[in-house]
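Participant: One structure coming up, written as structure tokens, with questions to follow.
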Amino acid sequence: MGFVTVLSSVFIVIGIGLLFLAARRLAKKLAFLQDSLTAPGEIIRFIEVPDGIEKSYFPEVMFHTSEGREITFQSEMGSNVPSYEIGDKVRVRYSRNQPADAEIDSFFALWGLVLILGLLGGVFSFVGLGILIGWLPV
């Protein structure tokens, strides 16, 4: 097995793995949306997570379910520059059966990871196939 074949195989395997993760995440997100309710929420603080040299900030959100139960959760989507300020009002989407399973109801919070995984998977797969077929020189 030559270097080109090994290199292209590595890219293809990584690409297919990322596409699989994107598809799995998409299925979970669609099931979540089908079972979810919405409520108004409020950013109450930021969880600071060291990320190498920089830090990422994940908003912590408080909301009340339709039954009046108070829920606090940390968003899965963080950034190195906070996207919100403490006290900002946001729309929350939460699971009917498990209200603590919640997320800010915004496009990137709901679909960002699916898009990133899908794009990276597509790029890795394309590069691997391009190397294997000879479209991309090594």
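Following the order of the structure tokens, first chain is A, next is B, and so on, with residues numbered from 1 inside each chain and ligands from 1 in the order they appear.
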Could you name the residues that touch Glu48 of chain A at 8 Å or less, counting only C-alpha atoms, but leaving out those on the same chain fewer than 5 positions away, as an mmCIF file with C-alpha atoms, in the first residue's frame?
Facilitator:
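Writing the result to around16.cif gives the following:
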```
data_model
loop_
_atom_site.group_PDB
_atom_site.id
_atom_site.type_symbol
_atom_site.label_atom_id
_atom_site.label_comp_id
_atom_site.auth_asym_id
_atom_site.auth_seq_id
_atom_site.Cartn_x
_atom_site.Cartn_y
_atom_site.Cartn_z
ATOM 1 C CA LYS A 55 -11.404 31.050 26.911
ATOM 2 C CA SER A 56 -14.851 30.068 25.712
ATOM 3 C CA TYR A 57 -17.999 31.395 27.328
ATOM 4 C CA PHE A 58 -21.116 29.242 27.540
#
```
Participant: Identify, on the basis of only C-alpha atoms, every residue whose closest approach to segment 22-37 of chain A does not exceed 7 Å; exclude the query and any residue fewer than 2 positions from it along the same chain; express the result as a list in words.
Facilitator: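 After dropping sequence-adjacent residues, the list is Leu18, Leu19, Phe20, Ala39, Arg93, Tyr94, Ser95, Arg96, Val114, Leu117 and Gly118 of chain A.
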Participant: Set the distance at 10 Å and use only C-alpha atoms: which residues neighbour segment 63-75 of chain A once local chain neighbours fewer than 5 positions away are removed? I'd like the list as a PyMOL selection string.
Facilitator: chain A and resi 37-47+57-58+89-96+99-104+109-110
Participant: State, in Å with one decimal place, the distance from atom CA of Leu113 of chain A to atom CA of Leu7 of chain A.
Facilitator: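 Computing it gives 26.1 Å between the two atoms.
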Participant: Please measure the separation of atom CA of Ser125 of chain A and atom CA of Ile16 of chain A, giving the value in Å to one decimal.
Facilitator: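 One can read the atom CA of Ser125 of chain A to atom CA of Ile16 of chain A distance as 6.5 Å.
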Participant: Write out as a PyMOL selection string all residues of chain A that backbone DSSP assigns to strand (DSSP E).
Facilitator: chain A and resi 36-51+54-64+70-74+89-95+102-104
